[in-house]
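First comes the structure, then the notes that go with it.
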Amino acid sequence: MPYRGRIAPTPTGHLHLGHARTFWIAQQRAQQAGGALILRDEDLDRDRCRPEYAQAMLEDLHWFGLRWQEGPDCGGPHAPYRQSERLPRYLEVWKKLAEQGCIYPSPQSRKDVQQALSAPHEEDSEPIFPIEFRPPAGIEQDATDPAGVNWRFRVPDGEEIVFLDGHYGEVRRVCGVDFGDFLVWRKDGFPSYELAVITDDHEMEITEVVRGEDLLTSTARQLLLYRALGWQPPAFFHCPLVRDAHGVRLAKRNQALSLRTLRDQGRTPEELRAHL
Ligand code: GLU
């Protein structure tokens, strides 16, 4: 199969040096394999994504030297490449999962979940969804639409998910320990990140996913979705995250190392790439 990679930024702020580095690695891997690179605009978060950020994202990617063969501003056989325009596809995947009986409606509020949690969790990581809220299997098979409630994937407790990452080697995550029943659909009518991303990577025939190491546990969740759907997963290559001088990983809220700021300071893409 010809190599197909993708870069998948979320336009909730300006891109920083960490994004640029991951995307550059993705581009290099696609070029080395003589394959294609696809740009996908992951704009599902209606409250936080803004069109001006999406525009800035395209400009900043171009400025940094990234080029893609399919995507928002150049089309391609798997258009549309903006997630906000792909909702009917996600809904089909939700239906398949419901038919398989591996997801369930989860009406508990965030407060219910917080109260049921016995152990505090790190701020950065998602708490394990309390098992007492998981309904018996089978109730979801008759549902015809997600209808204003959260839906979660029932993980096989105790099973170890093992995958070979192109950078980190063998990665292991235990279901029910490292992560719990995770969201696939939100009550606001949109799919979760996990559902949207596997739908798109599958339909866009991505052969290798290159992204930040903060998504290693997400990859284990996504492998469960691939298996439930009977789809062949792509290969994975997770990149170490760029950290600032204090060892804190870069975030969009911290503008100091945004590509825009660096460009305005007169830094050139060549110089930044050499530094990375
Ligand atoms: N849109 C995600 C992000 O910006 C990346 C998702 C992925 O590469 O799978 O964090």
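Quick note on naming: the chains in the structure tokens go A, B, ... in the order shown, residues restart at 1 in each chain, and ligands are numbered from 1 in order of appearance.
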If we count only C-alpha atoms and set the cut-off at 10 Å, which residues sit around Pro77 (chain A), ignoring sequence neighbours fewer than 5 positions away in its own chain? Please answer as number ranges by chain. A: 70-71, 204
May I have the residues within 7 Å of region 246-263 of chain A as a list in words, using only C-alpha atoms and disregarding those fewer than 4 positions away in the same chain?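 Counting only the stated atoms, we get Gly13, His14, Leu15, His16, Leu17, Gly18, Asp60, Leu241, Val242, Arg267 and Thr268 of chain A.
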Could you name the residues that touch Gln83 (chain A) at 7 Å or less, counting only C-alpha atoms, but leaving out those on the same chain fewer than 2 positions away, as a PyMOL selection string? chain A and resi 41-44+81+85-86
Preceding selection exported with all heavy atoms as a PDB file, in the first residue's frame:
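Wrote it out as part11.pdb, contents follow:
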ATOM      1  N   ASP A  41      -8.418  19.361   9.084  1.00  0.00           N
ATOM      2  CA  ASP A  41      -8.738  20.423  10.044  1.00  0.00           C
ATOM      3  C   ASP A  41      -9.680  19.823  11.100  1.00  0.00           C
ATOM      4  O   ASP A  41     -10.840  19.528  10.811  1.00  0.00           O
ATOM      5  CB  ASP A  41      -9.401  21.565   9.258  1.00  0.00           C
ATOM      6  CG  ASP A  41      -9.793  22.738  10.130  1.00  0.00           C
ATOM      7  OD1 ASP A  41      -9.703  22.623  11.359  1.00  0.00           O
ATOM      8  OD2 ASP A  41     -10.208  23.767   9.558  1.00  0.00           O
ATOM      9  N   GLU A  42      -9.191  19.641  12.319  1.00  0.00           N
ATOM     10  CA  GLU A  42      -9.986  18.967  13.361  1.00  0.00           C
ATOM     11  C   GLU A  42     -10.746  20.026  14.171  1.00  0.00           C
ATOM     12  O   GLU A  42     -10.392  20.356  15.307  1.00  0.00           O
ATOM     13  CB  GLU A  42      -9.066  18.094  14.218  1.00  0.00           C
ATOM     14  CG  GLU A  42      -8.332  17.072  13.356  1.00  0.00           C
ATOM     15  CD  GLU A  42      -8.146  15.706  13.997  1.00  0.00           C
ATOM     16  OE1 GLU A  42      -7.902  15.617  15.206  1.00  0.00           O
ATOM     17  OE2 GLU A  42      -8.249  14.705  13.246  1.00  0.00           O
ATOM     18  N   ASP A  43     -11.784  20.533  13.545  1.00  0.00           N
ATOM     19  CA  ASP A  43     -12.495  21.699  14.086  1.00  0.00           C
ATOM     20  C   ASP A  43     -13.836  21.332  14.726  1.00  0.00           C
ATOM     21  O   ASP A  43     -14.826  22.042  14.544  1.00  0.00           O
ATOM     22  CB  ASP A  43     -12.707  22.722  12.952  1.00  0.00           C
ATOM     23  CG  ASP A  43     -13.556  22.146  11.824  1.00  0.00           C
ATOM     24  OD1 ASP A  43     -13.745  20.914  11.783  1.00  0.00           O
ATOM     25  OD2 ASP A  43     -14.045  22.934  10.992  1.00  0.00           O
ATOM     26  N   LEU A  44     -13.878  20.225  15.455  1.00  0.00           N
ATOM     27  CA  LEU A  44     -15.171  19.777  16.004  1.00  0.00           C
ATOM     28  C   LEU A  44     -15.602  20.516  17.263  1.00  0.00           C
ATOM     29  O   LEU A  44     -16.776  20.532  17.585  1.00  0.00           O
ATOM     30  CB  LEU A  44     -15.101  18.280  16.330  1.00  0.00           C
ATOM     31  CG  LEU A  44     -15.337  17.341  15.164  1.00  0.00           C
ATOM     32  CD1 LEU A  44     -15.266  15.912  15.662  1.00  0.00           C
ATOM     33  CD2 LEU A  44     -16.686  17.596  14.500  1.00  0.00           C
ATOM     34  N   TYR A  81     -12.313  17.717   4.159  1.00  0.00           N
ATOM     35  CA  TYR A  81     -11.212  17.486   5.086  1.00  0.00           C
ATOM     36  C   TYR A  81     -11.356  18.311   6.360  1.00  0.00           C
ATOM     37  O   TYR A  81     -10.415  18.429   7.131  1.00  0.00           O
ATOM     38  CB  TYR A  81      -9.872  17.783   4.410  1.00  0.00           C
ATOM     39  CG  TYR A  81      -9.550  16.766   3.331  1.00  0.00           C
ATOM     40  CD1 TYR A  81      -9.948  16.963   2.013  1.00  0.00           C
ATOM     41  CD2 TYR A  81      -8.879  15.582   3.642  1.00  0.00           C
ATOM     42  CE1 TYR A  81      -9.668  16.018   1.039  1.00  0.00           C
ATOM     43  CE2 TYR A  81      -8.594  14.635   2.675  1.00  0.00           C
ATOM     44  CZ  TYR A  81      -8.997  14.858   1.370  1.00  0.00           C
ATOM     45  OH  TYR A  81      -8.722  13.911   0.412  1.00  0.00           O
ATOM     46  N   GLU A  85     -17.507  19.224   8.737  1.00  0.00           N
ATOM     47  CA  GLU A  85     -18.317  18.917   7.550  1.00  0.00           C
ATOM     48  C   GLU A  85     -18.513  17.406   7.363  1.00  0.00           C
ATOM     49  O   GLU A  85     -19.032  16.964   6.345  1.00  0.00           O
ATOM     50  CB  GLU A  85     -17.635  19.496   6.297  1.00  0.00           C
ATOM     51  CG  GLU A  85     -17.558  21.027   6.324  1.00  0.00           C
ATOM     52  CD  GLU A  85     -16.660  21.580   5.226  1.00  0.00           C
ATOM     53  OE1 GLU A  85     -16.501  20.921   4.187  1.00  0.00           O
ATOM     54  OE2 GLU A  85     -16.105  22.675   5.424  1.00  0.00           O
ATOM     55  N   ARG A  86     -18.095  16.610   8.322  1.00  0.00           N
ATOM     56  CA  ARG A  86     -18.109  15.158   8.140  1.00  0.00           C
ATOM     57  C   ARG A  86     -19.049  14.426   9.110  1.00  0.00           C
ATOM     58  O   ARG A  86     -18.963  13.213   9.274  1.00  0.00           O
ATOM     59  CB  ARG A  86     -16.677  14.611   8.283  1.00  0.00           C
ATOM     60  CG  ARG A  86     -15.711  15.208   7.257  1.00  0.00           C
ATOM     61  CD  ARG A  86     -14.263  14.751   7.443  1.00  0.00           C
ATOM     62  NE  ARG A  86     -14.111  13.320   7.401  1.00  0.00           N
ATOM     63  CZ  ARG A  86     -14.054  12.587   6.290  1.00  0.00           C
ATOM     64  NH1 ARG A  86     -14.116  13.170   5.112  1.00  0.00           N
ATOM     65  NH2 ARG A  86     -13.938  11.279   6.354  1.00  0.00           N
TER      66      ARG A  86
END
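The residue that comes closest to Arg50 (chain A), out of A:Thr10, A:Gln115, A:Phe182, A:His19 and on the basis of only C-alpha atoms, is A:Thr10.
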Close residues to ligand 1 using only C-alpha atoms and all ligand atoms, limit 7 Å, as an mmCIF file with all heavy atoms, in the first residue's frame:
data_model
loop_
_atom_site.group_PDB
_atom_site.id
_atom_site.type_symbol
_atom_site.label_atom_id
_atom_site.label_comp_id
_atom_site.auth_asym_id
_atom_site.auth_seq_id
_atom_site.Cartn_x
_atom_site.Cartn_y
_atom_site.Cartn_z
ATOM 1 N N ILE A 7 -1.460 15.292 8.795
ATOM 2 C CA ILE A 7 -1.272 16.200 9.919
ATOM 3 C C ILE A 7 -2.671 16.714 10.250
ATOM 4 O O ILE A 7 -3.485 16.950 9.359
ATOM 5 C CB ILE A 7 -0.267 17.336 9.612
ATOM 6 C CG1 ILE A 7 -0.657 18.133 8.378
ATOM 7 C CG2 ILE A 7 1.121 16.763 9.426
ATOM 8 C CD1 ILE A 7 0.286 19.309 8.091
ATOM 9 N N ALA A 8 -2.965 16.799 11.555
ATOM 10 C CA ALA A 8 -4.363 17.013 11.952
ATOM 11 C C ALA A 8 -4.498 18.059 13.058
ATOM 12 O O ALA A 8 -4.870 17.748 14.183
ATOM 13 C CB ALA A 8 -4.946 15.671 12.401
ATOM 14 N N PRO A 9 -4.168 19.308 12.749
ATOM 15 C CA PRO A 9 -4.240 20.329 13.801
ATOM 16 C C PRO A 9 -5.672 20.728 14.160
ATOM 17 O O PRO A 9 -6.595 20.561 13.366
ATOM 18 C CB PRO A 9 -3.497 21.520 13.189
ATOM 19 C CG PRO A 9 -3.541 21.316 11.727
ATOM 20 C CD PRO A 9 -3.686 19.846 11.466
ATOM 21 N N THR A 10 -5.821 21.235 15.377
ATOM 22 C CA THR A 10 -7.112 21.715 15.872
ATOM 23 C C THR A 10 -7.027 23.237 15.984
ATOM 24 O O THR A 10 -6.153 23.729 16.705
ATOM 25 C CB THR A 10 -7.374 21.102 17.267
ATOM 26 O OG1 THR A 10 -7.324 19.689 17.135
ATOM 27 C CG2 THR A 10 -8.723 21.505 17.812
ATOM 28 N N GLU A 42 -9.191 19.641 12.319
ATOM 29 C CA GLU A 42 -9.986 18.967 13.361
ATOM 30 C C GLU A 42 -10.746 20.026 14.171
ATOM 31 O O GLU A 42 -10.392 20.356 15.307
ATOM 32 C CB GLU A 42 -9.066 18.094 14.218
ATOM 33 C CG GLU A 42 -8.332 17.072 13.356
ATOM 34 C CD GLU A 42 -8.146 15.706 13.997
ATOM 35 O OE1 GLU A 42 -7.902 15.617 15.206
ATOM 36 O OE2 GLU A 42 -8.249 14.705 13.246
ATOM 37 N N VAL A 197 -11.465 10.662 14.892
ATOM 38 C CA VAL A 197 -10.129 10.472 14.326
ATOM 39 C C VAL A 197 -9.985 9.088 13.669
ATOM 40 O O VAL A 197 -9.378 8.959 12.601
ATOM 41 C CB VAL A 197 -9.072 10.780 15.420
ATOM 42 C CG1 VAL A 197 -8.649 9.543 16.176
ATOM 43 C CG2 VAL A 197 -7.881 11.472 14.853
ATOM 44 N N VAL A 209 0.100 7.036 11.316
ATOM 45 C CA VAL A 209 -0.293 8.217 12.085
ATOM 46 C C VAL A 209 0.935 8.709 12.847
ATOM 47 O O VAL A 209 1.520 7.965 13.631
ATOM 48 C CB VAL A 209 -1.418 7.839 13.082
ATOM 49 C CG1 VAL A 209 -1.609 8.921 14.120
ATOM 50 C CG2 VAL A 209 -2.720 7.555 12.328
ATOM 51 N N VAL A 210 1.349 9.947 12.559
ATOM 52 C CA VAL A 210 2.451 10.569 13.289
ATOM 53 C C VAL A 210 1.842 11.670 14.153
ATOM 54 O O VAL A 210 1.139 12.541 13.635
ATOM 55 C CB VAL A 210 3.486 11.177 12.304
ATOM 56 C CG1 VAL A 210 4.602 11.891 13.069
ATOM 57 C CG2 VAL A 210 4.077 10.096 11.399
ATOM 58 N N ARG A 211 2.053 11.609 15.475
ATOM 59 C CA ARG A 211 1.478 12.630 16.352
ATOM 60 C C ARG A 211 2.232 12.654 17.667
ATOM 61 O O ARG A 211 3.166 11.865 17.865
ATOM 62 C CB ARG A 211 -0.011 12.343 16.572
ATOM 63 C CG ARG A 211 -0.302 11.023 17.227
ATOM 64 C CD ARG A 211 -1.805 10.782 17.271
ATOM 65 N NE ARG A 211 -2.115 9.427 17.683
ATOM 66 C CZ ARG A 211 -3.277 8.827 17.441
ATOM 67 N NH1 ARG A 211 -4.239 9.462 16.795
ATOM 68 N NH2 ARG A 211 -3.491 7.602 17.855
#
Running DSSP on the backbone, which parts of region 113-225 of chain A land in helix (DSSP H, G or I), as number ranges by chain? A: 113-116, 131-133, 193-203, 213-225
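Closest approach to Ala20 (chain A) from the set A:Asp47, A:Leu229, A:Ser109, A:His275 is made by A:His275, with distances taken over only C-alpha atoms.
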